[in-house]
$ cat structure_4.cif   # mmCIF, C-alpha atoms
data_coords
#
loop_
_atom_site.group_PDB
_atom_site.id
_atom_site.type_symbol
_atom_site.label_atom_id
_atom_site.label_comp_id
_atom_site.auth_asym_id
_atom_site.auth_seq_id
_atom_site.Cartn_x
_atom_site.Cartn_y
_atom_site.Cartn_z
ATOM 1 C CA MET Q 83 47.437 -25.278 163.327
ATOM 2 C CA ARG Q 84 47.684 -22.584 160.683
ATOM 3 C CA ALA Q 85 45.218 -19.792 160.067
ATOM 4 C CA VAL Q 86 45.108 -16.438 158.298
ATOM 5 C CA GLY Q 87 44.542 -13.562 160.684
ATOM 6 C CA VAL Q 88 45.617 -10.187 161.975
ATOM 7 C CA VAL Q 89 47.667 -9.250 165.003
ATOM 8 C CA LYS Q 90 47.398 -5.521 164.269
ATOM 9 C CA PHE Q 91 44.463 -4.070 162.356
ATOM 10 C CA GLY Q 92 45.126 -2.501 159.007
ATOM 11 C CA GLY Q 93 44.898 -2.866 155.270
ATOM 12 C CA PRO Q 94 45.102 -6.131 153.347
ATOM 13 C CA GLU Q 95 48.800 -6.374 154.175
ATOM 14 C CA ALA Q 96 47.842 -6.923 157.830
ATOM 15 C CA LEU Q 97 46.687 -10.452 156.957
ATOM 16 C CA ARG Q 98 49.296 -13.117 157.551
ATOM 17 C CA ILE Q 99 49.696 -16.813 158.271
ATOM 18 C CA VAL Q 100 49.500 -17.300 162.043
ATOM 19 C CA ASP Q 101 49.765 -20.286 164.364
ATOM 20 C CA VAL Q 102 46.729 -20.811 166.598
ATOM 21 C CA PRO Q 103 45.924 -23.535 169.111
ATOM 22 C CA GLU Q 104 44.255 -26.642 167.727
ATOM 23 C CA ARG Q 105 40.638 -26.910 168.823
ATOM 24 C CA HIS Q 106 38.486 -29.978 169.302
ATOM 25 C CA ALA Q 107 34.745 -30.356 168.943
ATOM 26 C CA GLY Q 108 33.029 -29.912 172.288
ATOM 27 C CA PRO Q 109 29.510 -30.958 173.257
ATOM 28 C CA GLY Q 110 27.095 -30.079 170.452
ATOM 29 C CA GLU Q 111 29.909 -29.143 168.059
ATOM 30 C CA VAL Q 112 31.689 -30.565 165.037
ATOM 31 C CA ARG Q 113 35.072 -29.864 163.535
ATOM 32 C CA ILE Q 114 35.766 -29.341 159.841
ATOM 33 C CA ARG Q 115 39.119 -29.771 158.139
ATOM 34 C CA SER Q 116 38.864 -26.824 155.825
ATOM 35 C CA ALA Q 117 39.481 -26.960 152.109
ATOM 36 C CA ALA Q 118 37.970 -23.590 151.191
ATOM 37 C CA ALA Q 119 36.861 -20.363 152.851
ATOM 38 C CA THR Q 120 34.973 -17.605 151.069
ATOM 39 C CA VAL Q 121 36.207 -13.999 151.206
ATOM 40 C CA SER Q 122 33.313 -11.621 151.929
ATOM 41 C CA PRO Q 123 33.069 -7.870 152.574
ATOM 42 C CA THR Q 124 32.225 -8.571 156.224
ATOM 43 C CA ASP Q 125 35.672 -10.168 156.633
ATOM 44 C CA THR Q 126 37.330 -6.816 156.032
ATOM 45 C CA PHE Q 127 35.712 -5.436 159.195
ATOM 46 C CA THR Q 128 37.663 -7.934 161.295
ATOM 47 C CA ARG Q 129 40.860 -7.097 159.455
ATOM 48 C CA ASN Q 130 40.627 -3.287 159.433
ATOM 49 C CA GLY Q 131 39.533 -2.744 163.029
ATOM 50 C CA ASP Q 132 35.875 -1.869 162.498
ATOM 51 C CA ARG Q 133 35.095 -4.664 164.983
ATOM 52 C CA ALA Q 134 37.948 -3.817 167.349
ATOM 53 C CA LYS Q 135 35.690 -3.002 170.297
ATOM 54 C CA TRP Q 136 33.850 -6.308 170.065
ATOM 55 C CA LEU Q 137 37.072 -8.269 169.493
ATOM 56 C CA SER Q 138 38.850 -6.636 172.439
ATOM 57 C CA LYS Q 139 37.515 -9.325 174.795
ATOM 58 C CA TRP Q 140 40.053 -11.706 173.202
ATOM 59 C CA ALA Q 141 43.759 -11.554 172.557
ATOM 60 C CA PRO Q 142 44.942 -11.544 168.925
ATOM 61 C CA PRO Q 143 45.356 -13.016 166.406
ATOM 62 C CA TYR Q 144 41.874 -12.459 165.014
ATOM 63 C CA VAL Q 145 40.813 -14.808 162.221
ATOM 64 C CA PRO Q 146 38.100 -13.648 159.776
ATOM 65 C CA GLY Q 147 35.822 -15.805 157.673
ATOM 66 C CA MET Q 148 32.132 -16.673 157.854
ATOM 67 C CA ASP Q 149 31.958 -19.503 155.286
ATOM 68 C CA VAL Q 150 33.876 -22.739 155.131
ATOM 69 C CA ALA Q 151 33.685 -26.070 153.340
ATOM 70 C CA GLY Q 152 35.754 -29.185 153.773
ATOM 71 C CA VAL Q 153 35.752 -32.584 155.454
ATOM 72 C CA LEU Q 154 34.015 -33.363 158.734
ATOM 73 C CA ASP Q 155 36.751 -34.777 160.952
ATOM 74 C CA GLU Q 156 35.405 -34.701 164.517
ATOM 75 C CA ILE Q 157 31.953 -34.931 166.105
ATOM 76 C CA GLY Q 158 31.480 -33.748 169.670
ATOM 77 C CA GLU Q 159 29.607 -35.371 172.499
ATOM 78 C CA GLY Q 160 25.821 -35.321 172.321
ATOM 79 C CA VAL Q 161 25.580 -34.462 168.620
ATOM 80 C CA SER Q 162 22.682 -36.135 166.836
ATOM 81 C CA THR Q 163 23.363 -36.067 163.103
ATOM 82 C CA ASP Q 164 23.222 -38.187 159.976
ATOM 83 C CA LEU Q 165 26.601 -36.772 158.981
ATOM 84 C CA ALA Q 166 29.671 -38.960 159.387
ATOM 85 C CA ILE Q 167 33.402 -38.432 159.688
ATOM 86 C CA GLY Q 168 34.777 -37.975 156.189
ATOM 87 C CA ASP Q 169 31.674 -36.300 154.737
ATOM 88 C CA HIS Q 170 32.193 -33.142 152.720
ATOM 89 C CA VAL Q 171 30.285 -30.367 154.464
ATOM 90 C CA MET Q 172 29.793 -26.604 154.390
ATOM 91 C CA ALA Q 173 29.139 -24.331 157.337
ATOM 92 C CA ILE Q 174 28.402 -20.795 158.411
ATOM 93 C CA VAL Q 175 30.972 -19.555 160.906
ATOM 94 C CA ILE Q 176 30.555 -16.823 163.512
ATOM 95 C CA PRO Q 177 34.185 -15.729 163.984
ATOM 96 C CA ALA Q 178 35.406 -15.352 167.547
ATOM 97 C CA ALA Q 179 39.074 -14.633 168.251
ATOM 98 C CA SER Q 180 41.098 -17.275 166.366
ATOM 99 C CA ASN Q 181 38.142 -19.498 165.438
ATOM 100 C CA GLY Q 182 37.189 -18.056 162.068
ATOM 101 C CA GLY Q 183 36.729 -19.486 158.623
ATOM 102 C CA TYR Q 184 40.277 -18.704 157.449
ATOM 103 C CA ALA Q 185 41.744 -21.651 159.375
ATOM 104 C CA GLU Q 186 42.863 -25.202 158.642
ATOM 105 C CA GLN Q 187 40.316 -26.540 161.124
ATOM 106 C CA VAL Q 188 37.104 -24.826 162.202
ATOM 107 C CA VAL Q 189 34.820 -25.790 165.096
ATOM 108 C CA VAL Q 190 31.136 -24.853 164.778
ATOM 109 C CA PRO Q 191 27.809 -25.900 166.299
ATOM 110 C CA ALA Q 192 26.440 -29.009 164.617
ATOM 111 C CA GLU Q 193 23.373 -26.986 163.558
ATOM 112 C CA SER Q 194 25.610 -24.709 161.432
ATOM 113 C CA VAL Q 195 26.592 -27.507 159.040
ATOM 114 C CA ALA Q 196 25.060 -29.179 155.989
ATOM 115 C CA ARG Q 197 26.354 -31.483 153.280
ATOM 116 C CA VAL Q 198 28.054 -29.997 150.247
ATOM 117 C CA PRO Q 199 25.612 -30.035 147.309
ATOM 118 C CA ALA Q 200 25.975 -33.174 145.222
ATOM 119 C CA GLY Q 201 28.033 -32.561 142.110
ATOM 120 C CA PHE Q 202 29.845 -29.525 143.533
ATOM 121 C CA ASP Q 203 33.272 -29.199 145.116
ATOM 122 C CA ASP Q 204 34.213 -27.564 148.393
ATOM 123 C CA VAL Q 205 35.333 -24.345 146.700
ATOM 124 C CA ALA Q 206 31.910 -23.750 145.148
ATOM 125 C CA ALA Q 207 30.034 -24.904 148.261
ATOM 126 C CA SER Q 208 31.914 -22.479 150.513
ATOM 127 C CA THR Q 209 30.221 -19.544 148.745
ATOM 128 C CA LEU Q 210 26.743 -20.557 149.903
ATOM 129 C CA PRO Q 211 26.253 -20.614 153.709
ATOM 130 C CA MET Q 212 26.593 -17.012 154.884
ATOM 131 C CA ASN Q 213 25.302 -15.193 151.801
ATOM 132 C CA GLY Q 214 22.619 -17.786 151.166
ATOM 133 C CA LEU Q 215 21.328 -17.638 154.729
ATOM 134 C CA THR Q 216 21.483 -13.835 154.674
ATOM 135 C CA ALA Q 217 19.291 -13.814 151.575
ATOM 136 C CA ARG Q 218 16.925 -16.343 153.156
ATOM 137 C CA LEU Q 219 16.660 -14.255 156.327
ATOM 138 C CA ALA Q 220 15.993 -11.062 154.356
ATOM 139 C CA LEU Q 221 13.115 -12.719 152.532
ATOM 140 C CA ASP Q 222 11.727 -14.257 155.709
ATOM 141 C CA LEU Q 223 11.748 -10.883 157.462
ATOM 142 C CA LEU Q 224 9.983 -9.197 154.548
ATOM 143 C CA GLY Q 225 7.377 -11.954 154.654
ATOM 144 C CA LEU Q 226 6.121 -11.519 151.086
ATOM 145 C CA THR Q 227 3.768 -14.061 149.549
ATOM 146 C CA ALA Q 228 3.706 -15.602 146.085
ATOM 147 C CA GLY Q 229 2.720 -13.045 143.452
ATOM 148 C CA GLN Q 230 3.983 -10.011 145.366
ATOM 149 C CA THR Q 231 6.822 -7.889 144.000
ATOM 150 C CA LEU Q 232 10.325 -7.639 145.433
ATOM 151 C CA ALA Q 233 13.049 -5.213 144.365
ATOM 152 C CA VAL Q 234 16.677 -6.264 144.761
ATOM 153 C CA THR Q 235 19.575 -3.833 144.507
ATOM 154 C CA GLY Q 236 23.135 -5.005 144.099
ATOM 155 C CA ALA Q 237 21.579 -7.928 142.249
ATOM 156 C CA ALA Q 238 24.796 -8.947 140.482
ATOM 157 C CA GLY Q 239 26.535 -9.484 143.830
ATOM 158 C CA CYS Q 240 26.402 -12.681 145.853
ATOM 159 C CA PHE Q 241 23.763 -11.585 148.355
ATOM 160 C CA GLY Q 242 21.731 -9.955 145.597
ATOM 161 C CA GLY Q 243 22.012 -12.920 143.269
ATOM 162 C CA TYR Q 244 20.942 -15.407 145.928
ATOM 163 C CA THR Q 245 18.060 -13.123 146.895
ATOM 164 C CA VAL Q 246 16.813 -12.967 143.311
ATOM 165 C CA GLN Q 247 16.933 -16.738 142.945
ATOM 166 C CA LEU Q 248 15.377 -17.530 146.322
ATOM 167 C CA ALA Q 249 12.631 -14.972 145.688
ATOM 168 C CA LYS Q 250 11.801 -16.634 142.387
ATOM 169 C CA ALA Q 251 11.721 -20.015 144.143
ATOM 170 C CA ASP Q 252 9.223 -18.440 146.570
ATOM 171 C CA GLY Q 253 6.996 -17.377 143.675
ATOM 172 C CA LEU Q 254 7.742 -13.653 143.874
ATOM 173 C CA ARG Q 255 7.963 -11.191 140.989
ATOM 174 C CA VAL Q 256 11.458 -9.683 141.041
ATOM 175 C CA VAL Q 257 12.668 -6.275 139.867
ATOM 176 C CA ALA Q 258 16.458 -6.060 140.018
ATOM 177 C CA ASP Q 259 19.120 -3.511 139.178
ATOM 178 C CA ALA Q 260 22.193 -4.039 137.029
ATOM 179 C CA SER Q 261 24.857 -2.200 135.112
ATOM 180 C CA GLU Q 262 24.794 -2.632 131.363
ATOM 181 C CA ALA Q 263 27.604 -5.196 131.686
ATOM 182 C CA ASP Q 264 25.688 -7.214 134.307
ATOM 183 C CA GLU Q 265 22.209 -7.056 132.787
ATOM 184 C CA GLU Q 266 22.378 -10.460 131.098
ATOM 185 C CA LEU Q 267 23.736 -12.060 134.284
ATOM 186 C CA VAL Q 268 20.890 -10.657 136.359
ATOM 187 C CA ARG Q 269 18.311 -11.806 133.811
ATOM 188 C CA THR Q 270 19.888 -15.257 133.867
ATOM 189 C CA LEU Q 271 19.481 -15.332 137.648
ATOM 190 C CA GLY Q 272 15.738 -14.977 137.073
ATOM 191 C CA ALA Q 273 14.825 -11.305 137.468
ATOM 192 C CA ASP Q 274 11.508 -10.487 135.778
ATOM 193 C CA LEU Q 275 12.431 -6.836 135.214
ATOM 194 C CA VAL Q 276 15.897 -5.297 135.127
ATOM 195 C CA VAL Q 277 16.517 -1.579 135.609
ATOM 196 C CA ARG Q 278 19.785 0.319 135.377
ATOM 197 C CA ARG Q 279 21.630 0.647 138.671
ATOM 198 C CA GLY Q 280 22.737 4.009 140.052
ATOM 199 C CA ASP Q 281 21.905 6.825 142.443
ATOM 200 C CA ASP Q 282 18.386 7.226 141.058
ATOM 201 C CA VAL Q 283 17.546 3.531 140.861
ATOM 202 C CA ALA Q 284 14.533 4.060 143.145
ATOM 203 C CA ARG Q 285 12.973 6.276 140.477
ATOM 204 C CA ARG Q 286 13.571 3.639 137.815
ATOM 205 C CA ILE Q 287 12.080 0.895 139.976
ATOM 206 C CA ARG Q 288 9.021 3.064 140.628
ATOM 207 C CA ALA Q 289 8.652 3.716 136.906
ATOM 208 C CA ALA Q 290 8.677 -0.030 136.285
ATOM 209 C CA VAL Q 291 6.246 -0.680 139.171
ATOM 210 C CA PRO Q 292 4.110 2.483 139.486
ATOM 211 C CA ALA Q 293 2.296 1.283 142.624
ATOM 212 C CA GLY Q 294 5.616 0.623 144.353
ATOM 213 C CA VAL Q 295 7.175 -2.723 145.204
ATOM 214 C CA ASP Q 296 5.970 -4.678 148.233
ATOM 215 C CA GLY Q 297 9.464 -5.121 149.594
ATOM 216 C CA LEU Q 298 13.065 -4.252 148.805
ATOM 217 C CA ALA Q 299 16.349 -6.012 149.650
ATOM 218 C CA ASP Q 300 19.146 -3.445 149.748
ATOM 219 C CA GLY Q 301 22.244 -5.229 148.493
ATOM 220 C CA SER Q 302 23.747 -1.969 147.211
ATOM 221 C CA ILE Q 303 23.600 -0.310 150.671
ATOM 222 C CA GLN Q 304 21.798 2.824 149.476
ATOM 223 C CA ASN Q 305 19.596 3.061 152.559
ATOM 224 C CA ASP Q 306 16.843 5.703 152.585
ATOM 225 C CA ALA Q 307 17.625 6.731 148.997
ATOM 226 C CA LEU Q 308 15.689 3.602 147.991
ATOM 227 C CA LEU Q 309 12.523 4.167 149.994
ATOM 228 C CA GLY Q 310 10.761 5.867 147.084
ATOM 229 C CA ALA Q 311 10.629 2.526 145.259
ATOM 230 C CA ILE Q 312 8.480 0.939 147.983
ATOM 231 C CA ARG Q 313 4.712 1.195 148.360
ATOM 232 C CA ASP Q 314 3.178 2.650 151.511
ATOM 233 C CA GLY Q 315 3.388 0.087 154.299
ATOM 234 C CA GLY Q 316 5.934 -2.063 152.472
ATOM 235 C CA GLY Q 317 9.157 -3.527 153.822
ATOM 236 C CA PHE Q 318 12.888 -2.802 153.522
ATOM 237 C CA ALA Q 319 15.596 -5.388 154.300
ATOM 238 C CA ALA Q 320 18.926 -3.800 155.295
ATOM 239 C CA VAL Q 321 22.045 -5.993 155.380
ATOM 240 C CA ARG Q 322 23.999 -3.201 157.101
ATOM 241 C CA PRO Q 323 22.609 -0.992 159.885
ATOM 242 C CA PHE Q 324 20.009 1.241 158.221
ATOM 243 C CA GLN Q 325 21.014 4.869 157.804
ATOM 244 C CA GLY Q 326 18.263 7.485 157.696
ATOM 245 C CA GLU Q 327 14.582 7.732 158.599
ATOM 246 C CA THR Q 328 11.764 5.654 157.230
ATOM 247 C CA GLU Q 329 8.569 7.068 155.768
ATOM 248 C CA ARG Q 330 5.002 6.175 154.777
ATOM 249 C CA GLY Q 331 4.769 3.272 157.189
ATOM 250 C CA ILE Q 332 7.628 1.337 155.575
ATOM 251 C CA THR Q 333 9.062 -1.223 158.013
ATOM 252 C CA ILE Q 334 12.848 -1.480 158.221
ATOM 253 C CA HIS Q 335 14.173 -4.991 158.850
ATOM 254 C CA ASN Q 336 17.805 -5.200 159.927
ATOM 255 C CA VAL Q 337 19.203 -8.494 158.650
ATOM 256 C CA TRP Q 338 21.567 -10.070 161.186
ATOM 257 C CA VAL Q 339 22.626 -13.446 159.773
ATOM 258 C CA ARG Q 340 23.933 -14.542 163.180
ATOM 259 C CA SER Q 341 20.310 -15.243 164.073
ATOM 260 C CA TYR Q 342 20.258 -17.941 161.366
ATOM 261 C CA ALA Q 343 23.654 -19.449 162.214
ATOM 262 C CA ARG Q 344 21.993 -22.544 163.710
ATOM 263 C CA GLU Q 345 19.169 -22.895 161.197
ATOM 264 C CA GLN Q 346 20.442 -26.192 159.830
ATOM 265 C CA ALA Q 347 17.208 -27.025 158.023
ATOM 266 C CA LYS Q 348 17.373 -23.733 156.114
ATOM 267 C CA LEU Q 349 21.013 -24.317 155.168
ATOM 268 C CA ASP Q 350 20.175 -27.823 154.005
ATOM 269 C CA ARG Q 351 17.272 -26.455 151.965
ATOM 270 C CA LEU Q 352 19.752 -24.153 150.226
ATOM 271 C CA ARG Q 353 21.777 -27.265 149.383
ATOM 272 C CA GLN Q 354 18.706 -28.864 147.854
ATOM 273 C CA LEU Q 355 17.952 -25.772 145.766
ATOM 274 C CA VAL Q 356 21.497 -25.831 144.391
ATOM 275 C CA GLU Q 357 21.089 -29.478 143.460
ATOM 276 C CA GLU Q 358 17.763 -28.670 141.766
ATOM 277 C CA GLY Q 359 19.360 -25.870 139.738
ATOM 278 C CA ALA Q 360 17.291 -23.132 141.379
ATOM 279 C CA VAL Q 361 20.321 -21.526 143.074
ATOM 280 C CA THR Q 362 23.617 -20.886 141.299
ATOM 281 C CA LEU Q 363 27.006 -21.062 143.010
ATOM 282 C CA ARG Q 364 29.411 -18.483 141.564
ATOM 283 C CA VAL Q 365 33.155 -18.623 142.151
ATOM 284 C CA ALA Q 366 35.164 -15.676 140.842
ATOM 285 C CA LYS Q 367 38.557 -17.194 141.636
ATOM 286 C CA ALA Q 368 40.182 -19.717 143.955
ATOM 287 C CA ILE Q 369 43.256 -18.254 145.663
ATOM 288 C CA PRO Q 370 45.798 -20.005 147.936
ATOM 289 C CA VAL Q 371 45.546 -18.874 151.565
ATOM 290 C CA GLU Q 372 49.079 -17.542 151.382
ATOM 291 C CA GLN Q 373 47.690 -14.858 149.042
ATOM 292 C CA ALA Q 374 44.858 -13.781 151.340
ATOM 293 C CA ALA Q 375 46.081 -10.180 151.339
ATOM 294 C CA GLU Q 376 45.798 -10.064 147.555
ATOM 295 C CA ALA Q 377 42.293 -11.537 147.765
ATOM 296 C CA HIS Q 378 41.255 -8.672 150.065
ATOM 297 C CA ARG Q 379 42.834 -6.136 147.719
ATOM 298 C CA VAL Q 380 40.875 -7.501 144.781
ATOM 299 C CA LEU Q 381 37.655 -7.586 146.808
ATOM 300 C CA GLU Q 382 38.015 -3.981 147.947
ATOM 301 C CA LYS Q 383 38.608 -2.742 144.408
ATOM 302 C CA GLY Q 384 35.016 -3.781 143.682
ATOM 303 C CA GLY Q 385 33.490 -5.245 140.577
ATOM 304 C CA THR Q 386 34.046 -8.899 141.478
ATOM 305 C CA ARG Q 387 31.217 -11.129 140.297
ATOM 306 C CA GLY Q 388 30.966 -14.290 142.330
ATOM 307 C CA ARG Q 389 33.123 -14.939 145.357
ATOM 308 C CA LEU Q 390 36.869 -15.093 145.865
ATOM 309 C CA VAL Q 391 37.690 -18.280 147.748
ATOM 310 C CA LEU Q 392 40.783 -19.069 149.816
ATOM 311 C CA THR Q 393 42.020 -22.631 149.467
ATOM 312 C CA TRP Q 394 44.226 -24.782 151.692
#
$ encode --input "structure_4.cif" --output "structure tokens"
Amino acid sequence: MRAVGVVKFGGPEALRIVDVPERHAGPGEVRIRSAAATVSPTDTFTRNGDRAKWLSKWAPPYVPGMDVAGVLDEIGEGVSTDLAIGDHVMAIVIPAASNGGYAEQVVVPAESVARVPAGFDDVAASTLPMNGLTARLALDLLGLTAGQTLAVTGAAGCFGGYTVQLAKADGLRVVADASEADEELVRTLGADLVVRRGDDVARRIRAAVPAGVDGLADGSIQNDALLGAIRDGGGFAAVRPFQGETERGITIHNVWVRSYAREQAKLDRLRQLVEEGAVTLRVAKAIPVEQAAEAHRVLEKGGTRGRLVLTW
């Protein structure tokens, strides 16, 4: 079958159409005939060699992609599910060697799959699993309760946007950052207060919430530069390995979405929230898989709002 992967690490041009062995669903697994795969920043780490040491246990090609949506076409032995062959489903994928999201067929544990939200196509649905579960995990680790205050940086991005909306669904007060161009978008997502993004955003958050926020989700990857926004004893959710030292009893939570890859109930709850209008799916552009290199170029330029999605 066809996939998009790399044989030699490099820039976007390293991505190419490759032939990989067809896989079948084993015990506890299902197979999806892919229609769409989201392009995320984490995919570039597979392509550019940042994950070379971990990938070295396999031979190339290496296929990126952590989100997929399409048609369920095979159910493995021992799977108990209300899904049926032919259902449109979405899944979070943990790429390993040639089994990544950028492939015509993807095999995943049955617990990694949920139905596509009613009224939405596979392209839109593919943007939800990885970023949505990452946002859910960040909030769960912070453990805030209704009425407490959360700050979200990088709020106009996919992780940030989902975090804002899920936090509001949890009953939290949300302070979010935005550029002038993104302010209306971030307000539309549900932020209670919007402050200007930038190097001194922690100061602006603290000015808006003088006592300090109870927790902060760092979608802008500013690390310890943001600690000043958080009250003593608060929490910090880091979606990349935290850089720096904490202070004032602030707990750092490293958010590893792999730990939620089999949280099917949480993924299905995200589906329900989309159907209820509480979570918004945002597609920047659908791009044929043959143009995957261009999709990575656009992503790495920055400024994309919503997700780029590869289509078969």
$ closest_residue --input "structure_4.cif" --among "Q:Val365, Q:Ala290, Q:Val321, Q:Ala360" --to "Ile303 (chain Q)" --atoms "all atoms listed in the file"
Q:Val321
$ closest_residue --input "structure_4.cif" --among "Q:Ala311, Q:Ala319, Q:Ala228, Q:Ala117" --to "His170 (chain Q)" --atoms "all atoms listed in the file"
Q:Ala117
$ resolve_selection --input "structure_4.cif" --expression "the PyMOL selection byres ((chain Q and resi 106) around 10)" --output "list in words"
Pro103, Glu104, Arg105, Ala107, Gly108, Pro109, Glu111, Val112, Arg113, Ile114, Asp155, Glu156, Ile157, Gly158, Gln187, Val188 and Val189 of chain Q
$ resolve_selection --input "structure_4.cif" --expression "the PyMOL selection byres ((chain Q and resi 368) around 7)" --output "number ranges by chain"
Q: 367, 369-370, 390-393
$ closest_atom_pairs --input "structure_4.cif" --of "region 278-316 of chain Q" --to "region 230-241 of chain Q" --cutoff "6 Å" --atoms "only C-alpha atoms" --output "Markdown table"
| residue | atom | partner | partner_atom | distance |
| --- | --- | --- | --- | --- |
| Q:Val295 | CA | Q:Thr231 | CA | 5.3 |
| Q:Asp296 | CA | Q:Thr231 | CA | 5.4 |
| Q:Gly297 | CA | Q:Leu232 | CA | 4.9 |
| Q:Leu298 | CA | Q:Ala233 | CA | 4.5 |
| Q:Ala299 | CA | Q:Val234 | CA | 4.9 |
| Q:Asp300 | CA | Q:Thr235 | CA | 5.3 |
| Q:Gly301 | CA | Q:Gly236 | CA | 4.5 |
| Q:Ser302 | CA | Q:Gly236 | CA | 4.4 |
$ atom_distance --input "structure_4.cif" --atom1 "CA of Gly160 (chain Q)" --atom2 "CA of Lys139 (chain Q)"
28.6 Å
$ residues_around --input "structure_4.cif" --residues "Ser162 (chain Q)" --least-positions-apart "2" --cutoff "9 Å" --atoms "only C-alpha atoms" --output "PyMOL selection string"
chain Q and resi 110+159-160+164-165+192
$ write_last_selection --input "structure_4.cif" --atoms "C-alpha atoms" --output "PDB file, in the coordinates of the input"
ATOM      1  CA  GLY Q 110      27.095 -30.079 170.452  1.00  0.00           C
ATOM      2  CA  GLU Q 159      29.607 -35.371 172.499  1.00  0.00           C
ATOM      3  CA  GLY Q 160      25.821 -35.321 172.321  1.00  0.00           C
ATOM      4  CA  ASP Q 164      23.222 -38.187 159.976  1.00  0.00           C
ATOM      5  CA  LEU Q 165      26.601 -36.772 158.981  1.00  0.00           C
ATOM      6  CA  ALA Q 192      26.440 -29.009 164.617  1.00  0.00           C
TER       7      ALA Q 192
END
$ resolve_selection --input "structure_4.cif" --expression "the PyMOL selection byres ((chain Q and resi 344-346) around 10)" --output "PyMOL selection string"
chain Q and resi 173-175+190-196+215+339-343+347-352
$ write_last_selection --input "structure_4.cif" --atoms "C-alpha atoms" --output "short mmCIF file (atom, residue, chain, number, x, y, z; two decimals), in the coordinates of the input"
data_model
loop_
_atom_site.label_atom_id
_atom_site.label_comp_id
_atom_site.auth_asym_id
_atom_site.auth_seq_id
_atom_site.Cartn_x
_atom_site.Cartn_y
_atom_site.Cartn_z
CA ALA Q 173 29.14 -24.33 157.34
CA ILE Q 174 28.40 -20.80 158.41
CA VAL Q 175 30.97 -19.56 160.91
CA VAL Q 190 31.14 -24.85 164.78
CA PRO Q 191 27.81 -25.90 166.30
CA ALA Q 192 26.44 -29.01 164.62
CA GLU Q 193 23.37 -26.99 163.56
CA SER Q 194 25.61 -24.71 161.43
CA VAL Q 195 26.59 -27.51 159.04
CA ALA Q 196 25.06 -29.18 155.99
CA LEU Q 215 21.33 -17.64 154.73
CA VAL Q 339 22.63 -13.45 159.77
CA ARG Q 340 23.93 -14.54 163.18
CA SER Q 341 20.31 -15.24 164.07
CA TYR Q 342 20.26 -17.94 161.37
CA ALA Q 343 23.65 -19.45 162.21
CA ALA Q 347 17.21 -27.02 158.02
CA LYS Q 348 17.37 -23.73 156.11
CA LEU Q 349 21.01 -24.32 155.17
CA ASP Q 350 20.18 -27.82 154.00
CA ARG Q 351 17.27 -26.46 151.96
CA LEU Q 352 19.75 -24.15 150.23
#
$ atom_distance --input "structure_4.cif" --atom1 "CA of Leu226 (chain Q)" --atom2 "CA of Arg288 (chain Q)"
18.2 Å
$ atom_distance --input "structure_4.cif" --atom1 "CA of Leu219 (chain Q)" --atom2 "CA of Gly87 (chain Q)"
28.2 Å
$ residues_around --input "structure_4.cif" --residues "Gly326 (chain Q)" --least-positions-apart "2" --cutoff "7 Å" --atoms "all atoms listed in the file" --output "PyMOL selection string"
chain Q and resi 305-306+324+328
$ closest_residue --input "structure_4.cif" --among "Q:Asp259, Q:Glu329, Q:Glu266, Q:Asp252" --to "Arg313 (chain Q)" --atoms "all atoms listed in the file"
Q:Glu329
$ closest_residue --input "structure_4.cif" --among "Q:Arg279, Q:Ile334, Q:Phe318, Q:Gly152" --to "Ser208 (chain Q)" --atoms "all atoms listed in the file"
Q:Gly152
$ closest_residue --input "structure_4.cif" --among "Q:Pro211, Q:Leu355, Q:Ile287, Q:Gly280" --to "Val257 (chain Q)" --atoms "all atoms listed in the file"
Q:Ile287
$ closest_residue --input "structure_4.cif" --among "Q:Leu254, Q:Ala220, Q:Val150, Q:Ala377" --to "Glu95 (chain Q)" --atoms "only C-alpha atoms"
Q:Ala377
$ axis_aligned_box --input "structure_4.cif" --around "region 234-239 of chain Q" --padding-each-side "3 Å" --output "JSON"
{"center_x": 21.6, "center_y": -6.7, "center_z": 142.6, "size_x": 15.9, "size_y": 11.7, "size_z": 10.3}
